[in-house]
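Source file: model17.csv; contents: CSV, C-alpha atoms and all ligand atoms.
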chain,number,residue,atom,x,y,z
B,1,MET,CA,90.9,103.1,84.9
B,2,ILE,CA,91.2,104.7,81.4
B,3,TYR,CA,89.8,102.9,78.4
B,4,MET,CA,89.5,104.2,74.9
B,5,SER,CA,87.6,102.3,72.2
B,6,GLU,CA,87.8,103.3,68.5
B,7,VAL,CA,88.4,106.9,69.4
B,8,SER,CA,88.9,109.5,66.7
B,9,LYS,CA,89.3,113.2,67.0
B,10,ILE,CA,88.8,115.5,64.0
B,11,TYR,CA,89.2,119.2,64.8
B,12,SER,CA,86.7,121.6,63.3
B,13,ASN,CA,89.1,122.5,60.6
B,14,GLY,CA,89.0,118.9,59.4
B,15,LEU,CA,92.3,117.9,60.8
B,16,VAL,CA,92.4,114.3,62.0
B,17,ALA,CA,94.4,114.4,65.2
B,18,LEU,CA,93.6,110.9,66.4
B,19,ALA,CA,92.2,108.0,64.4
B,20,ASP,CA,90.8,104.8,65.7
B,21,ILE,CA,92.5,104.7,69.1
B,22,THR,CA,91.8,101.6,71.3
B,23,VAL,CA,93.8,101.3,74.4
B,24,GLU,CA,93.5,100.4,78.1
B,25,ILE,CA,95.5,102.0,80.9
B,26,ALA,CA,95.1,100.0,84.1
B,27,SER,CA,95.0,101.3,87.6
B,28,GLY,CA,98.6,101.9,88.8
B,29,ASP,CA,100.1,102.0,85.4
B,30,PHE,CA,102.8,104.5,84.5
B,31,VAL,CA,102.5,105.3,80.8
B,32,PHE,CA,104.6,107.6,78.6
B,33,ILE,CA,102.9,109.0,75.4
B,34,VAL,CA,105.6,109.7,72.9
B,35,GLY,CA,105.7,110.6,69.2
B,36,PRO,CA,106.7,113.3,66.7
B,37,SER,CA,105.5,116.9,67.0
B,38,GLY,CA,101.8,117.1,65.9
B,39,ALA,CA,101.3,113.3,66.3
B,40,GLY,CA,98.3,113.8,68.6
B,41,LYS,CA,99.8,113.4,72.1
B,42,SER,CA,98.3,116.5,73.6
B,43,THR,CA,95.0,115.7,72.0
B,44,PHE,CA,95.1,112.3,73.7
B,45,ILE,CA,95.7,113.9,77.1
B,46,LYS,CA,93.0,116.5,76.5
B,47,LEU,CA,90.4,113.8,75.7
B,48,ILE,CA,91.1,112.2,79.1
B,49,PHE,CA,90.2,115.3,81.1
B,50,ARG,CA,87.5,116.4,78.6
B,51,GLU,CA,89.2,119.5,77.5
B,52,GLU,CA,88.3,118.1,74.0
B,53,LEU,CA,85.5,115.8,73.1
B,54,PRO,CA,86.1,112.8,70.8
B,55,SER,CA,84.5,113.0,67.3
B,56,SER,CA,83.6,109.3,67.7
B,57,GLY,CA,84.3,106.4,70.0
B,58,LYS,CA,84.1,105.8,73.7
B,59,ILE,CA,86.4,107.0,76.5
B,60,VAL,CA,85.9,105.7,80.0
B,61,VAL,CA,87.8,107.4,82.8
B,62,ASN,CA,87.3,106.2,86.4
B,63,GLY,CA,84.3,104.2,85.3
B,64,ARG,CA,82.5,107.1,83.5
B,65,ASN,CA,82.0,107.7,79.8
B,66,VAL,CA,83.7,111.1,79.2
B,67,ALA,CA,82.3,111.3,75.7
B,68,ASN,CA,78.6,111.6,76.7
B,69,MET,CA,79.0,113.2,80.1
B,70,SER,CA,76.9,116.2,80.9
B,71,PRO,CA,78.9,119.5,81.3
B,72,GLY,CA,77.7,119.5,85.0
B,73,ASP,CA,79.6,116.2,85.6
B,74,VAL,CA,82.9,117.5,84.3
B,75,PRO,CA,84.0,119.0,87.7
B,76,TYR,CA,83.4,115.6,89.3
B,77,LEU,CA,85.6,113.9,86.6
B,78,ARG,CA,88.4,116.4,87.2
B,79,ARG,CA,88.3,116.0,90.9
B,80,ASN,CA,89.6,112.5,90.3
B,81,LEU,CA,92.3,113.7,87.9
B,82,GLY,CA,95.4,115.6,88.7
B,83,ILE,CA,96.6,117.6,85.8
B,84,VAL,CA,100.2,119.0,85.3
B,85,PHE,CA,101.2,121.2,82.4
B,86,GLN,CA,104.5,122.2,80.8
B,87,ASP,CA,104.1,125.8,81.9
B,88,PHE,CA,103.1,125.1,85.6
B,89,ARG,CA,100.1,127.4,85.6
B,90,LEU,CA,100.4,128.5,89.2
B,91,LEU,CA,98.4,131.5,90.4
B,92,PRO,CA,101.1,134.3,90.6
B,93,ASN,CA,99.4,136.3,93.4
B,94,LYS,CA,99.0,133.3,95.7
B,95,THR,CA,101.6,131.8,98.0
B,96,VAL,CA,102.7,128.2,97.5
B,97,TYR,CA,100.4,127.2,100.3
B,98,ASP,CA,97.4,128.9,98.8
B,99,ASN,CA,98.1,127.6,95.3
B,100,VAL,CA,97.9,124.1,96.6
B,101,ALA,CA,95.0,124.8,99.1
B,102,PHE,CA,93.0,126.4,96.4
B,103,ALA,CA,92.3,123.0,94.8
B,104,MET,CA,90.9,121.7,98.1
B,105,ARG,CA,88.9,124.9,98.8
B,106,VAL,CA,87.0,124.5,95.5
B,107,VAL,CA,85.8,121.1,96.6
B,108,GLU,CA,84.9,122.7,100.0
B,109,ALA,CA,87.1,120.5,102.2
B,110,PRO,CA,87.2,121.4,105.9
B,111,ARG,CA,89.9,124.0,106.8
B,112,ARG,CA,91.8,121.7,109.2
B,113,GLU,CA,91.8,118.9,106.6
B,114,ILE,CA,93.1,121.3,104.0
B,115,GLN,CA,96.0,122.4,106.2
B,116,LYS,CA,97.0,118.9,107.1
B,117,ARG,CA,96.9,117.7,103.5
B,118,VAL,CA,98.6,120.7,102.0
B,119,TYR,CA,101.6,120.3,104.4
B,120,ASN,CA,101.6,116.6,103.6
B,121,VAL,CA,101.8,117.0,99.8
B,122,LEU,CA,104.3,119.9,100.0
B,123,GLU,CA,106.5,117.6,102.2
B,124,LEU,CA,106.2,114.9,99.6
B,125,VAL,CA,107.5,117.2,96.8
B,126,GLY,CA,110.2,118.6,99.2
B,127,LEU,CA,108.8,122.1,99.5
B,128,ARG,CA,107.3,122.3,102.9
B,129,HIS,CA,109.8,125.1,103.8
B,130,LYS,CA,108.4,127.2,100.9
B,131,VAL,CA,104.8,127.5,102.0
B,132,ARG,CA,104.9,131.3,102.3
B,133,THR,CA,106.8,131.9,99.0
B,134,TYR,CA,105.2,133.2,95.8
B,135,PRO,CA,105.7,131.4,92.5
B,136,ALA,CA,108.0,134.1,91.0
B,137,GLU,CA,110.4,133.5,93.8
B,138,LEU,CA,110.8,129.8,92.9
B,139,SER,CA,112.9,128.0,90.3
B,140,GLY,CA,111.2,126.3,87.4
B,141,GLY,CA,111.6,122.9,89.0
B,142,GLU,CA,110.2,124.1,92.3
B,143,GLN,CA,107.2,125.6,90.5
B,144,GLN,CA,106.6,122.4,88.8
B,145,ARG,CA,106.8,120.5,92.1
B,146,VAL,CA,104.2,122.9,93.5
B,147,ALA,CA,102.0,122.2,90.5
B,148,ILE,CA,102.4,118.5,91.2
B,149,ALA,CA,101.5,119.0,94.8
B,150,ARG,CA,98.4,120.9,93.7
B,151,ALA,CA,97.6,118.1,91.2
B,152,ILE,CA,97.7,115.4,93.9
B,153,VAL,CA,96.2,117.3,96.9
B,154,ASN,CA,92.7,115.8,96.3
B,155,ASN,CA,94.2,112.3,96.1
B,156,PRO,CA,93.3,111.7,92.5
B,157,ALA,CA,93.3,108.2,91.0
B,158,VAL,CA,95.1,109.5,87.9
B,159,VAL,CA,97.7,112.1,87.3
B,160,ILE,CA,98.0,113.3,83.7
B,161,ALA,CA,100.9,115.4,82.6
B,162,ASP,CA,101.6,117.1,79.3
B,163,GLU,CA,105.3,117.7,78.9
B,164,PRO,CA,105.9,118.4,82.6
B,165,THR,CA,109.7,118.5,82.1
B,166,GLY,CA,109.5,120.5,78.8
B,167,ASN,CA,110.7,123.7,80.4
B,168,LEU,CA,113.3,122.2,82.8
B,169,ASP,CA,117.0,121.3,82.6
B,170,PRO,CA,118.0,117.6,82.8
B,171,ASP,CA,118.7,117.5,86.6
B,172,THR,CA,115.5,119.3,87.5
B,173,SER,CA,113.6,117.0,85.1
B,174,TRP,CA,114.9,114.0,87.1
B,175,GLU,CA,113.7,115.6,90.4
B,176,ILE,CA,110.2,115.8,88.8
B,177,MET,CA,110.4,112.3,87.6
B,178,LYS,CA,111.3,111.0,91.0
B,179,VAL,CA,108.2,112.8,92.4
B,180,LEU,CA,106.0,111.3,89.8
B,181,ASP,CA,107.5,107.9,90.3
B,182,SER,CA,106.9,108.0,94.0
B,183,ILE,CA,103.3,109.1,93.5
B,184,ASN,CA,102.9,106.2,91.1
B,185,LYS,CA,104.4,103.7,93.5
B,186,ALA,CA,101.9,104.9,96.1
B,187,GLY,CA,99.2,103.7,93.7
B,188,THR,CA,98.3,106.6,91.4
B,189,THR,CA,98.1,106.0,87.7
B,190,VAL,CA,100.4,108.4,85.8
B,191,VAL,CA,100.0,109.3,82.1
B,192,MET,CA,102.6,111.6,80.7
B,193,ALA,CA,103.1,113.0,77.2
B,194,THR,CA,106.7,113.8,76.6
B,195,HIS,CA,109.5,114.6,74.1
B,196,ASP,CA,112.2,113.8,76.8
B,197,LYS,CA,114.2,110.9,75.5
B,198,THR,CA,116.5,110.8,78.5
B,199,VAL,CA,113.6,110.6,80.9
B,200,VAL,CA,111.7,107.9,79.0
B,201,ASP,CA,114.9,105.8,78.4
B,202,GLY,CA,115.9,106.2,82.1
B,203,MET,CA,112.5,105.2,83.6
B,204,ARG,CA,111.7,102.1,81.5
B,205,LYS,CA,107.9,102.4,81.9
B,206,ARG,CA,105.1,101.5,79.5
B,207,VAL,CA,105.5,103.5,76.2
B,208,LEU,CA,102.6,104.3,73.8
B,209,ALA,CA,104.0,105.8,70.6
B,210,ILE,CA,101.5,107.9,68.5
B,211,GLU,CA,102.3,108.8,64.9
B,212,LYS,CA,99.8,110.6,62.7
B,213,GLY,CA,97.0,110.0,65.2
B,214,ARG,CA,97.5,106.3,65.5
B,215,ILE,CA,99.1,104.1,68.2
B,216,VAL,CA,102.1,102.5,66.5
B,217,ARG,CA,103.8,101.0,69.5
B,218,ASP,CA,102.7,99.8,72.9
B,219,GLN,CA,105.7,98.6,74.8
B,220,GLN,CA,106.2,97.5,78.4
B,221,LYS,CA,109.5,98.8,80.0
B,222,GLY,CA,109.7,100.7,76.8
B,223,VAL,CA,112.2,103.2,75.2
B,224,TYR,CA,111.6,106.6,73.6
B,225,GLY,CA,112.5,105.2,70.1
B,226,TYR,CA,113.1,108.5,68.3
B,227,GLU,CA,116.4,110.4,67.7
B,228,ASP,CA,115.5,113.9,69.1
B,301,LIG,N1,92.3,123.2,68.4
B,301,LIG,C1,92.8,122.6,67.3
B,301,LIG,N2,92.3,122.9,66.1
B,301,LIG,C2,92.7,122.4,65.0
B,301,LIG,N3,93.8,121.6,64.9
B,301,LIG,C3,94.4,121.2,66.1
B,301,LIG,C4,94.0,121.8,67.3
B,301,LIG,N4,94.8,121.3,68.3
B,301,LIG,C5,95.7,120.5,67.7
B,301,LIG,N5,95.5,120.5,66.4
B,301,LIG,C6,96.2,119.7,65.4
B,301,LIG,O1,96.1,118.3,65.7
B,301,LIG,C7,97.3,117.6,65.5
B,301,LIG,C8,97.7,117.0,66.8
B,301,LIG,O2,98.1,118.0,67.7
B,301,LIG,P1,98.6,117.7,69.2
B,301,LIG,O3,98.8,119.0,69.9
B,301,LIG,O4,97.7,116.7,69.8
B,301,LIG,O5,100.0,117.0,68.9
B,301,LIG,P2,101.2,116.7,69.8
B,301,LIG,O6,101.7,115.3,69.5
B,301,LIG,O7,100.9,117.0,71.2
B,301,LIG,O8,102.3,117.7,69.3
B,301,LIG,P3,103.6,118.4,70.1
B,301,LIG,O9,104.5,117.4,70.4
B,301,LIG,O10,104.1,119.4,69.0
B,301,LIG,O11,103.0,119.1,71.2
B,301,LIG,C9,98.3,118.7,65.0
B,301,LIG,O12,98.3,118.6,63.6
B,301,LIG,C10,97.7,120.0,65.4
B,301,LIG,O13,98.1,121.0,64.5
If you convert what's in this file into structure tokens, what do you get?
Amino acid sequence: MIYMSEVSKIYSNGLVALADITVEIASGDFVFIVGPSGAGKSTFIKLIFREELPSSGKIVVNGRNVANMSPGDVPYLRRNLGIVFQDFRLLPNKTVYDNVAFAMRVVEAPRREIQKRVYNVLELVGLRHKVRTYPAELSGGEQQRVAIARAIVNNPAVVIADEPTGNLDPDTSWEIMKVLDSINKAGTTVVMATHDKTVVDGMRKRVLAIEKGRIVRDQQKGVYGYED
């Protein structure tokens, strides 16, 4: 599903963000990426959706080598990835329905299919009743659930999330984790970078710990392992 072999990322200022990463994430896995601030977690996530290119090494996502993919192929890669960010990134001038439908319109799905699927995913995240609402009228947790609905509307094989609970209180974070867990139980691979000790310790999923750009721990049913 996701395979990295001897991957390094050196930013243009010479900073080594990741060094010699080799890891495999299987289809259906749920993986937390943890580690101190600046360890390389976001860089790891960005390499998967080709927001950043590796300086060396091979990255295979859904059977395709991301490192040498032509720019024209990037949209195809991203169609099979659902991406969720800490700050939700919803379109403020569009309703909940349109925010989610937008991701299907760009892949030119038929209108009727869009309607059916948008209602389905909004049902899944418990927000079907909010279809006509605008993002500013929603709580943070609700906005993040819309962002998750948008991420999964095209039925991606993998959902990657960078600190999705970072702006949310503990109860709301749990709501988000329940949604991600149910998506994972339905077969989607989930890769989530997080600082949220309570979430990681409560979920007991695979944990990859990154420190100074290297994987220092790969633990099944793992724990957060840091004190913050
Ligand atoms: N575009 C960039 N140019 C130069 N250096 C960068 C860039 N992006 C990140 N870095 C550096 O690379 C290192 C890893 O950053 P990254 O954002 O991956 O860490 P992180 O583990 O996600 O941190 P945090 O938990 O604070 O979000 C850091 O030292 C950071 O300053």
Within 6 Å of ligand LIG 301 (chain B) (only C-alpha atoms and all ligand atoms), residues as a ChimeraX atom specification: /B:11,13,15,17,36-43
Answer as a PyMOL selection string, residues within 10 Å of (107.2, 123.5, 100.1) using only C-alpha atoms: chain B and resi 96-97+100+118-133+142-143+145-146+149
For the contact check between stretch 14-42 of chain B and stretch 189-197 of chain B, emit one row per residue of stretch 14-42 of chain B within 7 Å, containing the shortest atom pair and the distance in Å rounded to one decimal, counting all atoms listed in the file, chain then rising number order, as a Markdown table.
| residue | atom | partner | partner_atom | distance |
| --- | --- | --- | --- | --- |
| B:Ser27 | CA | B:Thr189 | CA | 5.6 |
| B:Gly28 | CA | B:Thr189 | CA | 4.3 |
| B:Asp29 | CA | B:Thr189 | CA | 5.0 |
| B:Phe30 | CA | B:Val190 | CA | 4.8 |
| B:Val31 | CA | B:Val191 | CA | 4.9 |
| B:Phe32 | CA | B:Met192 | CA | 4.9 |
| B:Ile33 | CA | B:Ala193 | CA | 4.4 |
| B:Val34 | CA | B:Thr194 | CA | 5.6 |
| B:Lys41 | CA | B:Ala193 | CA | 6.1 |
| B:Ser42 | CA | B:Ala193 | CA | 6.9 |
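Distance check against B:Ala157 using only C-alpha atoms: of B:Gly35, B:Gly213, B:Gly63, B:Gly141, the minimum falls on B:Gly63.
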Atomic distance atom CA of B:Asp98 - atom CA of B:Arg112, expressed in Å with one decimal: 13.8 Å
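Straight-line separation from atom CA of B:Ile59 to atom CA of B:Ser8: 10.4 Å.
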Distance in Å - atom CA of B:Leu81 versus atom CA of B:Gly140: 22.7 Å
Selection: 10 Å around B:Asn62, only C-alpha atoms, excl. self and same-chain fewer than 4 positions, as number ranges by chain: B: 1-3, 27, 66, 77, 80-81, 157-158
Spatial neighbours of B:Trp174, 10 Å, all atoms listed in the file, chain gap at least 5 places, as a PyMOL selection string: chain B and resi 141+165+168-169+179-180+198-199+202-203
Could you write those residues out with C-alpha atoms, as an mmCIF file, in the frame of the given file?
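Full text of again_27.cif as output:
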data_model
loop_
_atom_site.group_PDB
_atom_site.id
_atom_site.type_symbol
_atom_site.label_atom_id
_atom_site.label_comp_id
_atom_site.auth_asym_id
_atom_site.auth_seq_id
_atom_site.Cartn_x
_atom_site.Cartn_y
_atom_site.Cartn_z
ATOM 1 C CA GLY B 141 111.600 122.900 89.000
ATOM 2 C CA THR B 165 109.700 118.500 82.100
ATOM 3 C CA LEU B 168 113.300 122.200 82.800
ATOM 4 C CA ASP B 169 117.000 121.300 82.600
ATOM 5 C CA VAL B 179 108.200 112.800 92.400
ATOM 6 C CA LEU B 180 106.000 111.300 89.800
ATOM 7 C CA THR B 198 116.500 110.800 78.500
ATOM 8 C CA VAL B 199 113.600 110.600 80.900
ATOM 9 C CA GLY B 202 115.900 106.200 82.100
ATOM 10 C CA MET B 203 112.500 105.200 83.600
#
B:Ile10, B:Ile152, B:Ala26, B:Ile114 ranked by distance to B:Ser182, top pick (using only C-alpha atoms): B:Ile152
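Candidate residues B:Ile148, B:Gly225, B:Lys58, B:Thr22 were compared for distance to B:Glu175, and the nearest is B:Ile148, using all atoms listed in the file.
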Nearest residue to B:Ala67 from the set B:Ile48, B:Val84, B:Ile160, B:Val216 (distances using only C-alpha atoms): B:Ile48
Distance query 6 Å from (109.1, 117.2, 84.1) using only C-alpha atoms, result as number ranges by chain: B: 164-165, 173, 176
Have stretch 128-164 of chain B completed to N, CA and C atoms, please, and pass it along as a PDB file, keeping the file's coordinate frame.
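out_14.pdb written:
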ATOM      1  N   ARG B 128     108.028 121.870 101.725  1.00  0.00           N
ATOM      2  CA  ARG B 128     107.300 122.300 102.900  1.00  0.00           C
ATOM      3  C   ARG B 128     107.822 123.671 103.414  1.00  0.00           C
ATOM      4  N   HIS B 129     109.126 123.852 103.264  1.00  0.00           N
ATOM      5  CA  HIS B 129     109.800 125.100 103.800  1.00  0.00           C
ATOM      6  C   HIS B 129     109.422 126.306 102.901  1.00  0.00           C
ATOM      7  N   LYS B 130     108.737 126.103 101.792  1.00  0.00           N
ATOM      8  CA  LYS B 130     108.400 127.200 100.900  1.00  0.00           C
ATOM      9  C   LYS B 130     106.992 127.674 100.944  1.00  0.00           C
ATOM     10  N   VAL B 131     106.264 127.259 101.961  1.00  0.00           N
ATOM     11  CA  VAL B 131     104.800 127.500 102.000  1.00  0.00           C
ATOM     12  C   VAL B 131     104.435 128.984 101.787  1.00  0.00           C
ATOM     13  N   ARG B 132     105.238 129.882 102.342  1.00  0.00           N
ATOM     14  CA  ARG B 132     104.900 131.300 102.300  1.00  0.00           C
ATOM     15  C   ARG B 132     105.440 132.021 101.059  1.00  0.00           C
ATOM     16  N   THR B 133     106.095 131.280 100.197  1.00  0.00           N
ATOM     17  CA  THR B 133     106.800 131.900  99.000  1.00  0.00           C
ATOM     18  C   THR B 133     105.773 132.040  97.882  1.00  0.00           C
ATOM     19  N   TYR B 134     106.059 133.003  97.008  1.00  0.00           N
ATOM     20  CA  TYR B 134     105.200 133.200  95.800  1.00  0.00           C
ATOM     21  C   TYR B 134     105.913 132.514  94.604  1.00  0.00           C
ATOM     22  N   PRO B 135     105.133 132.094  93.615  1.00  0.00           N
ATOM     23  CA  PRO B 135     105.700 131.400  92.500  1.00  0.00           C
ATOM     24  C   PRO B 135     106.912 132.040  91.831  1.00  0.00           C
ATOM     25  N   ALA B 136     106.867 133.374  91.679  1.00  0.00           N
ATOM     26  CA  ALA B 136     108.000 134.100  91.000  1.00  0.00           C
ATOM     27  C   ALA B 136     109.283 133.946  91.756  1.00  0.00           C
ATOM     28  N   GLU B 137     109.202 133.604  93.040  1.00  0.00           N
ATOM     29  CA  GLU B 137     110.400 133.500  93.800  1.00  0.00           C
ATOM     30  C   GLU B 137     110.981 132.036  93.812  1.00  0.00           C
ATOM     31  N   LEU B 138     110.370 131.190  92.994  1.00  0.00           N
ATOM     32  CA  LEU B 138     110.800 129.800  92.900  1.00  0.00           C
ATOM     33  C   LEU B 138     111.479 129.486  91.594  1.00  0.00           C
ATOM     34  N   SER B 139     112.346 128.466  91.596  1.00  0.00           N
ATOM     35  CA  SER B 139     112.900 128.000  90.300  1.00  0.00           C
ATOM     36  C   SER B 139     111.860 127.256  89.538  1.00  0.00           C
ATOM     37  N   GLY B 140     112.160 126.995  88.268  1.00  0.00           N
ATOM     38  CA  GLY B 140     111.200 126.300  87.400  1.00  0.00           C
ATOM     39  C   GLY B 140     110.853 124.893  88.012  1.00  0.00           C
ATOM     40  N   GLY B 141     111.880 124.194  88.473  1.00  0.00           N
ATOM     41  CA  GLY B 141     111.600 122.900  89.000  1.00  0.00           C
ATOM     42  C   GLY B 141     110.784 122.930  90.297  1.00  0.00           C
ATOM     43  N   GLU B 142     111.044 123.965  91.114  1.00  0.00           N
ATOM     44  CA  GLU B 142     110.200 124.100  92.300  1.00  0.00           C
ATOM     45  C   GLU B 142     108.778 124.458  91.961  1.00  0.00           C
ATOM     46  N   GLN B 143     108.620 125.317  90.947  1.00  0.00           N
ATOM     47  CA  GLN B 143     107.200 125.600  90.500  1.00  0.00           C
ATOM     48  C   GLN B 143     106.522 124.389  90.028  1.00  0.00           C
ATOM     49  N   GLN B 144     107.256 123.560  89.294  1.00  0.00           N
ATOM     50  CA  GLN B 144     106.600 122.400  88.800  1.00  0.00           C
ATOM     51  C   GLN B 144     106.262 121.404  89.952  1.00  0.00           C
ATOM     52  N   ARG B 145     107.107 121.393  90.987  1.00  0.00           N
ATOM     53  CA  ARG B 145     106.800 120.500  92.100  1.00  0.00           C
ATOM     54  C   ARG B 145     105.549 121.057  92.872  1.00  0.00           C
ATOM     55  N   VAL B 146     105.399 122.369  92.918  1.00  0.00           N
ATOM     56  CA  VAL B 146     104.200 122.900  93.500  1.00  0.00           C
ATOM     57  C   VAL B 146     102.957 122.516  92.672  1.00  0.00           C
ATOM     58  N   ALA B 147     103.143 122.581  91.342  1.00  0.00           N
ATOM     59  CA  ALA B 147     102.000 122.200  90.500  1.00  0.00           C
ATOM     60  C   ALA B 147     101.665 120.721  90.658  1.00  0.00           C
ATOM     61  N   ILE B 148     102.672 119.899  90.906  1.00  0.00           N
ATOM     62  CA  ILE B 148     102.400 118.500  91.200  1.00  0.00           C
ATOM     63  C   ILE B 148     101.693 118.321  92.517  1.00  0.00           C
ATOM     64  N   ALA B 149     102.156 119.076  93.512  1.00  0.00           N
ATOM     65  CA  ALA B 149     101.500 119.000  94.800  1.00  0.00           C
ATOM     66  C   ALA B 149     100.016 119.407  94.676  1.00  0.00           C
ATOM     67  N   ARG B 150      99.764 120.448  93.905  1.00  0.00           N
ATOM     68  CA  ARG B 150      98.400 120.900  93.700  1.00  0.00           C
ATOM     69  C   ARG B 150      97.587 119.783  92.944  1.00  0.00           C
ATOM     70  N   ALA B 151      98.252 119.120  91.988  1.00  0.00           N
ATOM     71  CA  ALA B 151      97.600 118.100  91.200  1.00  0.00           C
ATOM     72  C   ALA B 151      97.154 116.891  92.087  1.00  0.00           C
ATOM     73  N   ILE B 152      97.955 116.609  93.116  1.00  0.00           N
ATOM     74  CA  ILE B 152      97.700 115.400  93.900  1.00  0.00           C
ATOM     75  C   ILE B 152      96.964 115.666  95.224  1.00  0.00           C
ATOM     76  N   VAL B 153      96.713 116.942  95.511  1.00  0.00           N
ATOM     77  CA  VAL B 153      96.200 117.300  96.900  1.00  0.00           C
ATOM     78  C   VAL B 153      94.849 116.627  97.148  1.00  0.00           C
ATOM     79  N   ASN B 154      94.041 116.468  96.132  1.00  0.00           N
ATOM     80  CA  ASN B 154      92.700 115.800  96.300  1.00  0.00           C
ATOM     81  C   ASN B 154      92.775 114.317  96.146  1.00  0.00           C
ATOM     82  N   ASN B 155      94.002 113.783  96.178  1.00  0.00           N
ATOM     83  CA  ASN B 155      94.200 112.300  96.100  1.00  0.00           C
ATOM     84  C   ASN B 155      93.548 111.714  94.841  1.00  0.00           C
ATOM     85  N   PRO B 156      93.913 112.204  93.665  1.00  0.00           N
ATOM     86  CA  PRO B 156      93.300 111.700  92.500  1.00  0.00           C
ATOM     87  C   PRO B 156      93.740 110.273  92.133  1.00  0.00           C
ATOM     88  N   ALA B 157      92.898 109.537  91.430  1.00  0.00           N
ATOM     89  CA  ALA B 157      93.300 108.200  91.000  1.00  0.00           C
ATOM     90  C   ALA B 157      94.300 108.253  89.877  1.00  0.00           C
ATOM     91  N   VAL B 158      94.244 109.330  89.099  1.00  0.00           N
ATOM     92  CA  VAL B 158      95.100 109.500  87.900  1.00  0.00           C
ATOM     93  C   VAL B 158      95.759 110.833  87.886  1.00  0.00           C
ATOM     94  N   VAL B 159      97.048 110.865  87.572  1.00  0.00           N
ATOM     95  CA  VAL B 159      97.700 112.100  87.300  1.00  0.00           C
ATOM     96  C   VAL B 159      98.057 112.117  85.785  1.00  0.00           C
ATOM     97  N   ILE B 160      97.614 113.153  85.063  1.00  0.00           N
ATOM     98  CA  ILE B 160      98.000 113.300  83.700  1.00  0.00           C
ATOM     99  C   ILE B 160      98.872 114.501  83.505  1.00  0.00           C
ATOM    100  N   ALA B 161      99.928 114.333  82.727  1.00  0.00           N
ATOM    101  CA  ALA B 161     100.900 115.400  82.600  1.00  0.00           C
ATOM    102  C   ALA B 161     101.291 115.581  81.157  1.00  0.00           C
ATOM    103  N   ASP B 162     101.200 116.827  80.674  1.00  0.00           N
ATOM    104  CA  ASP B 162     101.600 117.100  79.300  1.00  0.00           C
ATOM    105  C   ASP B 162     102.906 117.831  79.278  1.00  0.00           C
ATOM    106  N   GLU B 163     103.952 117.144  78.907  1.00  0.00           N
ATOM    107  CA  GLU B 163     105.300 117.700  78.900  1.00  0.00           C
ATOM    108  C   GLU B 163     105.733 118.366  80.160  1.00  0.00           C
ATOM    109  N   PRO B 164     105.607 117.689  81.293  1.00  0.00           N
ATOM    110  CA  PRO B 164     105.900 118.400  82.600  1.00  0.00           C
ATOM    111  C   PRO B 164     107.355 118.775  82.724  1.00  0.00           C
TER     112      PRO B 164
END
